[in-house]
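Trainee: Supplied structure: my_file.pdb, PDB, C-alpha atoms.
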ATOM      1  CA  MET A 151      79.380 -53.929 -38.065
ATOM      2  CA  GLY A 152      75.997 -52.178 -38.257
ATOM      3  CA  LEU A 153      76.385 -51.637 -42.023
ATOM      4  CA  ILE A 154      77.347 -55.272 -42.578
ATOM      5  CA  GLU A 155      74.368 -56.470 -40.530
ATOM      6  CA  ASP A 156      72.058 -54.226 -42.581
ATOM      7  CA  ILE A 157      73.462 -55.673 -45.817
ATOM      8  CA  ILE A 158      72.991 -59.260 -44.544
ATOM      9  CA  ARG A 159      69.403 -58.538 -43.527
ATOM     10  CA  ALA A 160      68.674 -57.017 -46.941
ATOM     11  CA  LEU A 161      70.156 -60.040 -48.689
ATOM     12  CA  ASP A 162      68.085 -62.396 -46.531
ATOM     13  CA  HIS A 163      64.941 -60.400 -47.354
ATOM     14  CA  SER A 164      65.645 -60.489 -51.102
ATOM     15  CA  LEU A 165      66.265 -64.226 -50.926
ATOM     16  CA  ILE A 166      62.915 -64.725 -49.180
ATOM     17  CA  ILE A 167      61.171 -62.674 -51.871
ATOM     18  CA  SER A 168      62.992 -64.641 -54.570
ATOM     19  CA  SER A 169      61.888 -67.867 -52.904
ATOM     20  CA  TYR A 170      58.288 -66.708 -52.925
ATOM     21  CA  LYS A 171      58.568 -65.789 -56.588
ATOM     22  CA  TYR A 172      60.115 -69.165 -57.335
ATOM     23  CA  VAL A 173      57.306 -71.030 -55.550
ATOM     24  CA  LEU A 174      54.680 -68.872 -57.263
ATOM     25  CA  ALA A 175      56.242 -69.564 -60.658
ATOM     26  CA  LEU A 176      56.238 -73.286 -59.927
ATOM     27  CA  LEU A 177      52.555 -73.132 -58.988
ATOM     28  CA  VAL A 178      51.708 -71.278 -62.204
ATOM     29  CA  VAL A 179      53.633 -73.808 -64.304
ATOM     30  CA  LEU A 180      51.900 -76.675 -62.484
ATOM     31  CA  TYR A 181      48.462 -75.115 -63.029
ATOM     32  CA  VAL A 182      49.133 -74.620 -66.756
ATOM     33  CA  PHE A 183      50.341 -78.207 -67.032
ATOM     34  CA  ILE A 184      47.196 -79.556 -65.347
ATOM     35  CA  TRP A 185      44.980 -77.366 -67.560
ATOM     36  CA  LEU A 186      46.734 -78.547 -70.745
ATOM     37  CA  TYR A 187      46.486 -82.155 -69.607
ATOM     38  CA  ASP A 188      42.756 -81.837 -68.940
ATOM     39  CA  LEU A 189      42.324 -80.184 -72.321
ATOM     40  CA  TYR A 190      44.198 -83.055 -73.959
ATOM     41  CA  ARG A 191      42.052 -85.658 -72.189
ATOM     42  CA  TYR A 192      38.870 -83.809 -73.236
ATOM     43  CA  GLY A 193      40.046 -83.770 -76.842
ATOM     44  CA  GLU A 194      40.817 -87.471 -76.764
ATOM     45  CA  SER A 195      37.404 -88.270 -75.311
ATOM     46  CA  LYS A 196      35.692 -86.248 -78.033
ATOM     47  CA  LYS A 197      37.659 -88.083 -80.700
ATOM     48  CA  ALA A 198      36.327 -91.355 -79.341
ATOM     49  CA  GLU A 199      32.724 -90.200 -79.757
ATOM     50  CA  ILE A 200      32.336 -91.002 -83.429
ATOM     51  CA  ASP A 201      28.642 -91.039 -84.298
ATOM     52  CA  VAL A 202      26.791 -92.480 -87.233
ATOM     53  CA  GLY A 203      26.506 -89.895 -89.965
ATOM     54  CA  LYS A 204      29.789 -88.129 -89.293
ATOM     55  CA  SER A 205      31.848 -87.487 -92.367
ATOM     56  CA  LYS A 206      35.554 -86.951 -92.910
ATOM     57  CA  SER A 207      36.604 -83.541 -94.074
ATOM     58  CA  GLU A 208      39.506 -82.926 -96.427
ATOM     59  CA  ASP A 209      41.980 -82.674 -93.568
ATOM     60  CA  GLY A 210      40.890 -86.064 -92.219
ATOM     61  CA  THR A 211      39.019 -84.774 -89.177
ATOM     62  CA  THR A 212      35.434 -85.756 -88.387
ATOM     63  CA  GLU A 213      32.570 -83.293 -88.423
ATOM     64  CA  LYS A 214      28.922 -83.552 -87.440
ATOM     65  CA  LEU A 215      26.224 -82.907 -90.013
ATOM     66  CA  ASP A 216      23.378 -80.522 -89.262
ATOM     67  CA  GLY A 217      19.854 -81.862 -88.961
ATOM     68  CA  ILE A 218      20.822 -85.403 -87.936
ATOM     69  CA  GLU A 219      20.014 -87.033 -84.593
ATOM     70  CA  TYR A 220      22.879 -89.499 -84.317
ATOM     71  CA  VAL A 221      22.622 -93.022 -82.966
ATOM     72  CA  GLY A 222      25.100 -95.884 -82.678
ATOM     73  CA  GLU A 223      28.716 -95.811 -83.766
ATOM     74  CA  LEU A 224      30.393 -95.591 -87.134
ATOM     75  CA  ASP A 225      33.520 -97.526 -88.019
ATOM     76  CA  PHE A 226      35.150 -95.774 -90.954
ATOM     77  CA  GLU A 227      37.582 -98.657 -91.412
ATOM     78  CA  ASN A 228      34.869-101.318 -91.612
ATOM     79  CA  ASN A 229      34.372-102.288 -95.240
ATOM     80  CA  ASP A 230      31.563-104.722 -94.393
ATOM     81  CA  LEU A 231      28.980-102.033 -93.564
ATOM     82  CA  LEU A 232      25.610-102.764 -95.152
ATOM     83  CA  PRO A 233      23.059-100.111 -96.144
ATOM     84  CA  ALA A 234      19.999 -99.809 -93.939
ATOM     85  CA  LEU A 235      17.827 -99.875 -97.072
ATOM     86  CA  GLU A 236      17.550-103.171 -98.882
ATOM     87  CA  GLU A 237      19.078-102.807-102.335
ATOM     88  CA  LYS A 238      16.542-103.205-105.128
ATOM     89  CA  PRO A 239      16.775-102.693-108.880
ATOM     90  CA  HIS A 240      15.938 -99.286-110.298
ATOM     91  CA  ILE A 241      12.907 -99.238-112.586
ATOM     92  CA  PRO A 242      11.849 -96.783-115.322
ATOM     93  CA  TYR A 243       9.750 -93.806-114.190
ATOM     94  CA  PRO A 244       7.674 -91.920-116.790
ATOM     95  CA  GLY A 245       7.159 -88.861-114.571
ATOM     96  CA  ALA A 246       4.208 -87.352-112.708
ATOM     97  CA  ARG A 247       0.759 -87.930-114.205
ATOM     98  CA  VAL A 248      -1.865 -85.188-114.468
ATOM     99  CA  THR A 249      -4.896 -86.553-112.639
ATOM    100  CA  LEU A 250      -7.267 -83.755-111.588
ATOM    101  CA  ALA A 251      -7.668 -82.422-115.141
ATOM    102  CA  LYS A 252      -6.240 -83.048-118.595
ATOM    103  CA  ASP A 253      -4.635 -79.632-118.697
ATOM    104  CA  PRO A 254      -1.693 -79.339-116.252
ATOM    105  CA  MET A 255      -2.512 -75.726-115.343
ATOM    106  CA  LYS A 256      -6.140 -76.567-114.629
ATOM    107  CA  ALA A 257      -5.006 -79.536-112.514
ATOM    108  CA  ALA A 258      -2.709 -77.240-110.505
ATOM    109  CA  GLU A 259      -5.527 -74.725-110.100
ATOM    110  CA  GLN A 260      -7.919 -77.426-108.869
ATOM    111  CA  PHE A 261      -5.411 -78.681-106.333
ATOM    112  CA  TYR A 262      -4.876 -75.126-105.128
ATOM    113  CA  LYS A 263      -8.614 -74.743-104.598
ATOM    114  CA  ILE A 264      -8.654 -77.924-102.515
ATOM    115  CA  VAL A 265      -5.813 -76.927-100.200
ATOM    116  CA  ASN A 266      -6.756 -73.238-100.087
ATOM    117  CA  ASP A 267     -10.103 -74.308 -98.635
ATOM    118  CA  ARG A 268      -8.320 -75.940 -95.672
ATOM    119  CA  ARG A 269      -8.764 -74.144 -92.357
ATOM    120  CA  SER A 270      -7.794 -74.955 -88.801
ATOM    121  CA  VAL A 271     -10.948 -76.153 -87.039
ATOM    122  CA  ARG A 272     -11.267 -75.965 -83.259
ATOM    123  CA  LYS A 273     -14.935 -76.880 -82.940
ATOM    124  CA  PHE A 274     -15.987 -80.304 -84.192
ATOM    125  CA  SER A 275     -19.326 -82.057 -84.507
ATOM    126  CA  ASN A 276     -19.916 -85.520 -83.090
ATOM    127  CA  ARG A 277     -20.451 -86.914 -86.582
ATOM    128  CA  SER A 278     -18.537 -90.164 -86.894
ATOM    129  CA  VAL A 279     -15.572 -90.559 -89.239
ATOM    130  CA  SER A 280     -14.796 -93.664 -91.241
ATOM    131  CA  LEU A 281     -11.623 -95.264 -89.903
ATOM    132  CA  LYS A 282     -10.935 -96.656 -93.380
ATOM    133  CA  LEU A 283     -11.099 -93.126 -94.790
ATOM    134  CA  VAL A 284      -8.584 -91.870 -92.214
ATOM    135  CA  GLN A 285      -6.305 -94.820 -92.932
ATOM    136  CA  GLN A 286      -6.456 -94.088 -96.653
ATOM    137  CA  CYS A 287      -5.333 -90.518 -95.976
ATOM    138  CA  ILE A 288      -2.501 -91.819 -93.791
ATOM    139  CA  LEU A 289      -1.532 -94.143 -96.626
ATOM    140  CA  ALA A 290      -1.074 -91.033 -98.780
ATOM    141  CA  ALA A 291       1.086 -89.472 -96.052
ATOM    142  CA  GLY A 292       3.265 -92.557 -96.157
ATOM    143  CA  THR A 293       4.292 -91.700 -99.725
ATOM    144  CA  ALA A 294       6.341 -88.751 -98.453
ATOM    145  CA  PRO A 295      10.064 -88.698 -99.265
ATOM    146  CA  SER A 296      12.451 -89.430 -96.417
ATOM    147  CA  GLY A 297      16.186 -89.449 -95.813
ATOM    148  CA  ALA A 298      17.618 -92.678 -97.291
ATOM    149  CA  HIS A 299      13.996 -93.914 -97.511
ATOM    150  CA  THR A 300      13.960 -94.727 -93.811
ATOM    151  CA  GLU A 301      10.285 -93.648 -93.476
ATOM    152  CA  PRO A 302      10.765 -92.344 -89.897
ATOM    153  CA  TRP A 303       7.130 -91.900 -88.895
ATOM    154  CA  ARG A 304       4.277 -93.533 -87.015
ATOM    155  CA  PHE A 305       0.663 -92.334 -87.102
ATOM    156  CA  CYS A 306      -1.336 -93.271 -83.998
ATOM    157  CA  VAL A 307      -5.102 -92.970 -84.463
ATOM    158  CA  VAL A 308      -7.087 -92.547 -81.249
ATOM    159  CA  SER A 309     -10.878 -92.952 -81.388
ATOM    160  CA  SER A 310     -11.488 -94.357 -77.890
ATOM    161  CA  ALA A 311     -13.414 -91.855 -75.750
ATOM    162  CA  ASP A 312     -11.482 -92.899 -72.646
ATOM    163  CA  VAL A 313      -8.089 -92.463 -74.281
ATOM    164  CA  LYS A 314      -9.103 -89.116 -75.813
ATOM    165  CA  ALA A 315     -10.184 -87.956 -72.354
ATOM    166  CA  ARG A 316      -6.801 -88.946 -70.937
ATOM    167  CA  VAL A 317      -5.023 -87.145 -73.786
ATOM    168  CA  ARG A 318      -7.035 -84.017 -73.052
ATOM    169  CA  GLU A 319      -6.255 -84.238 -69.342
ATOM    170  CA  ILE A 320      -2.518 -84.430 -70.025
ATOM    171  CA  ILE A 321      -2.500 -81.604 -72.563
ATOM    172  CA  GLU A 322      -4.740 -79.187 -70.670
ATOM    173  CA  GLY A 323      -2.684 -79.658 -67.520
ATOM    174  CA  GLU A 324       0.518 -78.688 -69.326
ATOM    175  CA  GLU A 325      -1.130 -75.974 -71.430
ATOM    176  CA  LEU A 326      -2.385 -74.192 -68.317
ATOM    177  CA  ILE A 327       1.215 -73.952 -67.121
ATOM    178  CA  ASN A 328       2.350 -72.939 -70.622
ATOM    179  CA  TYR A 329      -0.103 -70.043 -70.869
ATOM    180  CA  GLU A 330       0.493 -68.843 -67.310
ATOM    181  CA  GLN A 331       4.249 -69.335 -66.964
ATOM    182  CA  ARG A 332       6.228 -70.757 -69.886
ATOM    183  CA  MET A 333       4.954 -68.771 -72.857
ATOM    184  CA  SER A 334       6.117 -65.190 -73.261
ATOM    185  CA  LYS A 335       3.668 -62.287 -73.053
ATOM    186  CA  GLN A 336       4.260 -61.583 -76.743
ATOM    187  CA  TRP A 337       3.381 -65.187 -77.596
ATOM    188  CA  THR A 338       0.080 -65.153 -75.701
ATOM    189  CA  THR A 339      -0.673 -61.725 -77.168
ATOM    190  CA  ASP A 340      -0.135 -63.039 -80.695
ATOM    191  CA  LEU A 341      -2.577 -65.875 -79.988
ATOM    192  CA  LYS A 342      -5.418 -63.599 -78.814
ATOM    193  CA  PRO A 343      -6.883 -62.996 -82.327
ATOM    194  CA  LEU A 344      -7.195 -66.788 -82.687
ATOM    195  CA  LYS A 345      -9.094 -66.982 -79.366
ATOM    196  CA  THR A 346      -7.113 -69.925 -78.045
ATOM    197  CA  ASN A 347      -6.395 -70.850 -74.448
ATOM    198  CA  HIS A 348      -5.453 -73.895 -72.392
ATOM    199  CA  VAL A 349      -8.915 -75.476 -72.763
ATOM    200  CA  LYS A 350      -8.874 -77.967 -75.654
ATOM    201  CA  GLU A 351     -12.460 -79.165 -76.027
ATOM    202  CA  TYR A 352     -11.760 -80.454 -79.528
ATOM    203  CA  LEU A 353      -9.578 -83.216 -78.088
ATOM    204  CA  THR A 354     -12.689 -85.034 -76.874
ATOM    205  CA  THR A 355     -15.326 -83.804 -79.344
ATOM    206  CA  ALA A 356     -13.367 -84.654 -82.501
ATOM    207  CA  PRO A 357     -14.172 -88.226 -83.608
ATOM    208  CA  CYS A 358     -10.498 -89.153 -83.747
ATOM    209  CA  LEU A 359      -7.037 -87.853 -83.005
ATOM    210  CA  ILE A 360      -3.941 -88.567 -85.061
ATOM    211  CA  LEU A 361      -0.736 -88.375 -83.021
ATOM    212  CA  VAL A 362       2.227 -88.218 -85.377
ATOM    213  CA  PHE A 363       5.484 -89.531 -83.940
ATOM    214  CA  LYS A 364       8.873 -89.114 -85.552
ATOM    215  CA  GLN A 365      11.174 -92.097 -85.129
ATOM    216  CA  THR A 366      14.659 -90.911 -84.246
ATOM    217  CA  TYR A 367      16.038 -94.295 -85.247
ATOM    218  CA  GLY A 368      14.876 -97.739 -86.341
ATOM    219  CA  TYR A 369      16.208-101.262 -86.043
ATOM    220  CA  LYS A 370      18.049-103.493 -88.469
ATOM    221  CA  PRO A 371      17.184-107.199 -88.860
ATOM    222  CA  ASN A 372      20.143-108.043 -86.621
ATOM    223  CA  GLY A 373      18.781-105.822 -83.840
ATOM    224  CA  GLY A 374      21.239-102.978 -84.347
ATOM    225  CA  LYS A 375      20.083 -99.388 -84.550
ATOM    226  CA  LYS A 376      19.284 -97.962 -87.971
ATOM    227  CA  GLN A 377      19.991 -94.289 -88.497
ATOM    228  CA  HIS A 378      16.954 -92.205 -89.506
ATOM    229  CA  TYR A 379      18.301 -89.218 -91.404
ATOM    230  CA  TYR A 380      16.408 -85.923 -91.206
ATOM    231  CA  ASN A 381      13.581 -87.655 -89.360
ATOM    232  CA  GLU A 382      11.840 -84.442 -88.315
ATOM    233  CA  ILE A 383      11.955 -82.875 -91.771
ATOM    234  CA  SER A 384      10.783 -86.120 -93.384
ATOM    235  CA  THR A 385       7.908 -86.539 -90.934
ATOM    236  CA  SER A 386       6.903 -82.900 -91.364
ATOM    237  CA  ILE A 387       6.633 -83.430 -95.121
ATOM    238  CA  ALA A 388       4.431 -86.473 -94.447
ATOM    239  CA  VAL A 389       2.191 -84.341 -92.228
ATOM    240  CA  GLY A 390       1.808 -81.816 -95.039
ATOM    241  CA  ILE A 391       0.669 -84.560 -97.413
ATOM    242  CA  LEU A 392      -1.666 -85.893 -94.717
ATOM    243  CA  LEU A 393      -3.313 -82.482 -94.332
ATOM    244  CA  SER A 394      -3.876 -82.309 -98.094
ATOM    245  CA  ALA A 395      -5.300 -85.848 -98.178
ATOM    246  CA  LEU A 396      -7.678 -85.129 -95.290
ATOM    247  CA  GLN A 397      -8.863 -81.959 -96.990
ATOM    248  CA  ALA A 398      -9.380 -83.769-100.288
ATOM    249  CA  ALA A 399     -11.463 -86.369 -98.429
ATOM    250  CA  GLY A 400     -13.676 -83.660 -96.900
ATOM    251  CA  LEU A 401     -12.220 -83.980 -93.403
ATOM    252  CA  SER A 402     -11.204 -81.012 -91.284
ATOM    253  CA  SER A 403      -8.254 -80.920 -88.932
ATOM    254  CA  LEU A 404      -6.081 -78.771 -86.739
ATOM    255  CA  VAL A 405      -2.307 -78.898 -86.378
ATOM    256  CA  THR A 406      -1.342 -78.770 -82.701
ATOM    257  CA  THR A 407       2.033 -79.086 -81.029
ATOM    258  CA  PRO A 408       1.370 -79.999 -77.369
ATOM    259  CA  LEU A 409       4.280 -78.414 -75.513
ATOM    260  CA  ASN A 410       5.887 -80.501 -72.775
ATOM    261  CA  CYS A 411       3.395 -83.330 -73.378
ATOM    262  CA  GLY A 412       5.395 -85.629 -75.633
ATOM    263  CA  PRO A 413       6.791 -88.071 -73.047
ATOM    264  CA  ALA A 414       3.471 -88.388 -71.186
ATOM    265  CA  LEU A 415       1.518 -89.011 -74.401
ATOM    266  CA  ARG A 416       4.124 -91.490 -75.594
ATOM    267  CA  ASN A 417       3.817 -93.394 -72.311
ATOM    268  CA  LEU A 418       0.020 -93.253 -72.486
ATOM    269  CA  LEU A 419       0.038 -94.928 -75.897
ATOM    270  CA  GLU A 420       2.929 -97.201 -74.872
ATOM    271  CA  ARG A 421       5.087 -96.089 -77.781
ATOM    272  CA  PRO A 422       8.789 -97.091 -77.813
ATOM    273  CA  SER A 423      11.583 -94.758 -76.702
ATOM    274  CA  ASN A 424      12.769 -94.105 -80.267
ATOM    275  CA  GLU A 425       9.534 -92.248 -81.041
ATOM    276  CA  LYS A 426       8.960 -88.577 -80.220
ATOM    277  CA  LEU A 427       5.682 -86.719 -80.654
ATOM    278  CA  LEU A 428       5.839 -84.181 -83.474
ATOM    279  CA  VAL A 429       2.222 -83.005 -83.921
ATOM    280  CA  LEU A 430      -1.308 -83.963 -82.891
ATOM    281  CA  LEU A 431      -4.230 -83.614 -85.311
ATOM    282  CA  PRO A 432      -7.869 -83.739 -84.216
ATOM    283  CA  VAL A 433      -9.806 -84.935 -87.271
ATOM    284  CA  GLY A 434     -13.511 -84.791 -88.101
ATOM    285  CA  TYR A 435     -16.235 -82.491 -89.404
ATOM    286  CA  PRO A 436     -16.875 -78.916 -88.271
ATOM    287  CA  ALA A 437     -19.689 -78.255 -85.821
ATOM    288  CA  ALA A 438     -22.757 -76.463 -87.194
ATOM    289  CA  ASP A 439     -21.742 -73.271 -85.351
ATOM    290  CA  CYS A 440     -18.012 -73.540 -86.152
ATOM    291  CA  THR A 441     -16.314 -70.283 -87.076
ATOM    292  CA  VAL A 442     -12.762 -69.502 -88.232
ATOM    293  CA  PRO A 443     -10.835 -66.221 -88.467
ATOM    294  CA  ASP A 444     -11.177 -64.387 -91.764
ATOM    295  CA  LEU A 445      -7.497 -64.558 -92.619
ATOM    296  CA  ASP A 446      -5.571 -63.466 -95.701
ATOM    297  CA  ARG A 447      -2.792 -65.514 -97.255
ATOM    298  CA  LYS A 448       0.407 -64.183 -98.785
ATOM    299  CA  PRO A 449       0.003 -63.218-102.448
ATOM    300  CA  LEU A 450       2.103 -64.916-105.099
ATOM    301  CA  GLU A 451       4.578 -62.038-105.291
ATOM    302  CA  ASP A 452       5.400 -62.528-101.600
ATOM    303  CA  LEU A 453       5.747 -66.295-101.996
ATOM    304  CA  VAL A 454       8.022 -66.528-105.016
ATOM    305  CA  ALA A 455      11.413 -65.061-105.822
ATOM    306  CA  LEU A 456      12.373 -65.617-109.451
ATOM    307  CA  TYR A 457      16.023 -65.599-110.562
TER     308      TYR A 457
END
Take the structure I supplied and represent it as structure tokens, if you would.
Mentor:
Amino acid sequence: MGLIEDIIRALDHSLIISSYKYVLALLVVLYVFIWLYDLYRYGESKKAEIDVGKSKSEDGTTEKLDGIEYVGELDFENNDLLPALEEKPHIPYPGARVTLAKDPMKAAEQFYKIVNDRRSVRKFSNRSVSLKLVQQCILAAGTAPSGAHTEPWRFCVVSSADVKARVREIIEGEELINYEQRMSKQWTTDLKPLKTNHVKEYLTTAPCLILVFKQTYGYKPNGGKKQHYYNEISTSIAVGILLSALQAAGLSSLVTTPLNCGPALRNLLERPSNEKLLVLLPVGYPAADCTVPDLDRKPLEDLVALY
């Protein structure tokens, strides 16, 4: 009887272990099922997020394009979609005209001399600047190419002493934190030869400031959002043309990117939510005691790679 009892106890113990294994297996299967279900739901939710600018690949799936800040929704089955740009007839174009000199090479050399003379000025005189002159330079910036000709830019010119003072207050407050906490030691070390710090006197001494906003999207006549393709690249090109126009007009400037100041400056100027600050340019004439670093530029052989 003792042997039989031992066998019964052993069988009971093995059954208990088997039961535990069975329950554990069920729990594992249940966990895997829940995980797969959540994964399925996540995939379905991502499929529903079809943004403007997505394209269909060869296998029929959607993919997001680099460099685009997407707005709105895109209905691939809607055949009534209208282009954001009003359709106009194409007209003949004879090509670029040589304007600075009759000889193309001399014209290119003259333009190089103009832009090579441009320097970043951080000390301005109080000499006034013609608003019409600044607007003419901005008009040149507005000729920049843009994605689908959406012209995603807005140039805000500030000449009011009170508003400039408020701009300086906002920027210097954030820049103090940037220099002391946010910027890396290598970054602040790299800036030492330029002798810059959180104090931005030029924001109030320069006759005017140009705050360049990129528009992440626009609006159609029916009130719907209009996609602005490559808005940052397009606006950056416009800024480059603006710098050249200012230099050609005898005006000095400085390209600044006020870190962590965009929303506050946008609110100060009461700009809409679709606009984001890209750069800020103080514009004017150098002070009598203005100095700039004696910098070298890359030679042609380091600029060009011929193939």
Trainee: Apply the PyMOL selection byres ((chain A and resi 300) around 8) to the displayed file and report the matching residues as a list in words.
Mentor: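 Taken on the displayed file, the PyMOL selection byres ((chain A and resi 300) around 8) yields the residues Ala234, Leu235, Ser296, Gly297, Ala298, His299, Glu301, Pro302, His378 and Tyr379 of chain A.
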Trainee: Using the chain letters and numbers from the file, which residues does the PyMOL selection byres ((chain A and resi 255-264) around 10) grab, as a PDB file with C-alpha atoms, in the frame of the given file?
Mentor:
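Wrote it out as result-v4.pdb, contents follow:
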ATOM      1  CA  VAL A 248      -1.865 -85.188-114.468  1.00  0.00           C
ATOM      2  CA  THR A 249      -4.896 -86.553-112.639  1.00  0.00           C
ATOM      3  CA  LEU A 250      -7.267 -83.755-111.588  1.00  0.00           C
ATOM      4  CA  ALA A 251      -7.668 -82.422-115.141  1.00  0.00           C
ATOM      5  CA  LYS A 252      -6.240 -83.048-118.595  1.00  0.00           C
ATOM      6  CA  ASP A 253      -4.635 -79.632-118.697  1.00  0.00           C
ATOM      7  CA  PRO A 254      -1.693 -79.339-116.252  1.00  0.00           C
ATOM      8  CA  VAL A 265      -5.813 -76.927-100.200  1.00  0.00           C
ATOM      9  CA  ASN A 266      -6.756 -73.238-100.087  1.00  0.00           C
ATOM     10  CA  ASP A 267     -10.103 -74.308 -98.635  1.00  0.00           C
ATOM     11  CA  ARG A 268      -8.320 -75.940 -95.672  1.00  0.00           C
ATOM     12  CA  SER A 394      -3.876 -82.309 -98.094  1.00  0.00           C
ATOM     13  CA  ALA A 395      -5.300 -85.848 -98.178  1.00  0.00           C
ATOM     14  CA  GLN A 397      -8.863 -81.959 -96.990  1.00  0.00           C
ATOM     15  CA  ALA A 398      -9.380 -83.769-100.288  1.00  0.00           C
ATOM     16  CA  ALA A 399     -11.463 -86.369 -98.429  1.00  0.00           C
ATOM     17  CA  GLY A 400     -13.676 -83.660 -96.900  1.00  0.00           C
TER      18      GLY A 400
END
Trainee: Env of Cys306 in chain A: 7 Å cut, atoms = only C-alpha atoms, seq-sep filter 2 positions within chain, self excluded. Answer as JSON, numbers by chain.
Mentor: {"A": [304, 308, 360, 361, 362]}
Trainee: For each of A:Thr346, A:Ser278, A:Thr354, A:Thr338, take the minimum atom-to-atom distance to Lys314 in chain A, counting all atoms listed in the file, then give the residue where this is smallest.
Mentor: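 Looking at the shortest contact to Lys314 in chain A, the residue is A:Thr354.
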Trainee: How would you write, as a PyMOL selection string, the residues chosen by the PyMOL selection byres ((chain A and resi 390) around 12) on this structure?
Mentor: chain A and resi 265+268+287-288+290-295+362+383-389+391-397+403-405+429+431
Trainee: If I take CA of Leu401 in chain A and CA of Val442 in chain A, how far is one from the other in Å, to one decimal?
Mentor: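 Interatomic distance here is 15.4 Å.
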Trainee: If I take CA of Leu415 in chain A and CA of Ile320 in chain A, how far is one from the other in Å, to one decimal?
Mentor: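 Result for CA of Leu415 in chain A versus CA of Ile320 in chain A: 7.5 Å, one decimal.
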Trainee: Between CA of Leu326 in chain A and CA of Pro343 in chain A, measure the distance and give it in Å to one decimal.
Mentor: 18.5 Å
Trainee: With only C-alpha atoms as the atoms that count, which of A:Arg447, A:Asn372, A:Pro422, A:Thr406 lies nearest to Ser270 in chain A?
Mentor: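 Ranking A:Arg447, A:Asn372, A:Pro422, A:Thr406 by distance to Ser270 in chain A, first place goes to A:Thr406.
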Trainee: Can you sort out the box for range 234-243 of chain A, edges along x, y and z, all listed atoms in, 3 Å on every side, with centre and edge lengths in Å to one decimal, as JSON?
Mentor:
{"center_x": 14.9, "center_y": -98.5, "center_z": -104.6, "size_x": 16.2, "size_y": 15.4, "size_z": 27.4}
Trainee: Extract range 396-409 of chain A from the structure I just pasted (atoms: N, CA and C atoms) and return it as a compact mmCIF listing (two decimals), in the first residue's frame.
Mentor:
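Dumped to decode-v2.txt:
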# COMPACT_ATOMS: atom_id res chain seq x y z
N LEU A 396 20.09 93.64 -50.55
CA LEU A 396 20.48 94.63 -49.54
C LEU A 396 21.91 95.09 -49.77
N GLN A 397 22.79 94.15 -50.07
CA GLN A 397 24.18 94.49 -50.31
C GLN A 397 24.32 95.38 -51.55
N ALA A 398 23.58 95.04 -52.59
CA ALA A 398 23.63 95.84 -53.81
C ALA A 398 23.12 97.26 -53.58
N ALA A 399 22.21 97.41 -52.61
CA ALA A 399 21.64 98.72 -52.29
C ALA A 399 22.48 99.47 -51.27
N GLY A 400 23.62 98.90 -50.86
CA GLY A 400 24.49 99.57 -49.90
C GLY A 400 24.07 99.43 -48.46
N LEU A 401 23.21 98.45 -48.17
CA LEU A 401 22.74 98.22 -46.81
C LEU A 401 23.45 97.01 -46.21
N SER A 402 23.79 97.11 -44.95
CA SER A 402 24.43 96.00 -44.26
C SER A 402 23.40 95.25 -43.43
N SER A 403 23.73 94.00 -43.13
CA SER A 403 22.78 93.17 -42.39
C SER A 403 23.52 92.08 -41.62
N LEU A 404 22.76 91.33 -40.90
CA LEU A 404 23.28 90.21 -40.12
C LEU A 404 22.21 89.14 -40.06
N VAL A 405 22.58 87.92 -40.41
CA VAL A 405 21.63 86.80 -40.34
C VAL A 405 21.65 86.23 -38.93
N THR A 406 20.52 86.28 -38.25
CA THR A 406 20.42 85.71 -36.90
C THR A 406 19.28 84.70 -36.87
N THR A 407 19.45 83.71 -36.03
CA THR A 407 18.42 82.69 -35.85
C THR A 407 18.09 82.61 -34.36
N PRO A 408 17.20 83.45 -33.87
CA PRO A 408 16.91 83.50 -32.42
C PRO A 408 16.32 82.19 -31.92
N LEU A 409 17.15 81.43 -31.19
CA LEU A 409 16.72 80.12 -30.70
C LEU A 409 15.66 80.26 -29.63
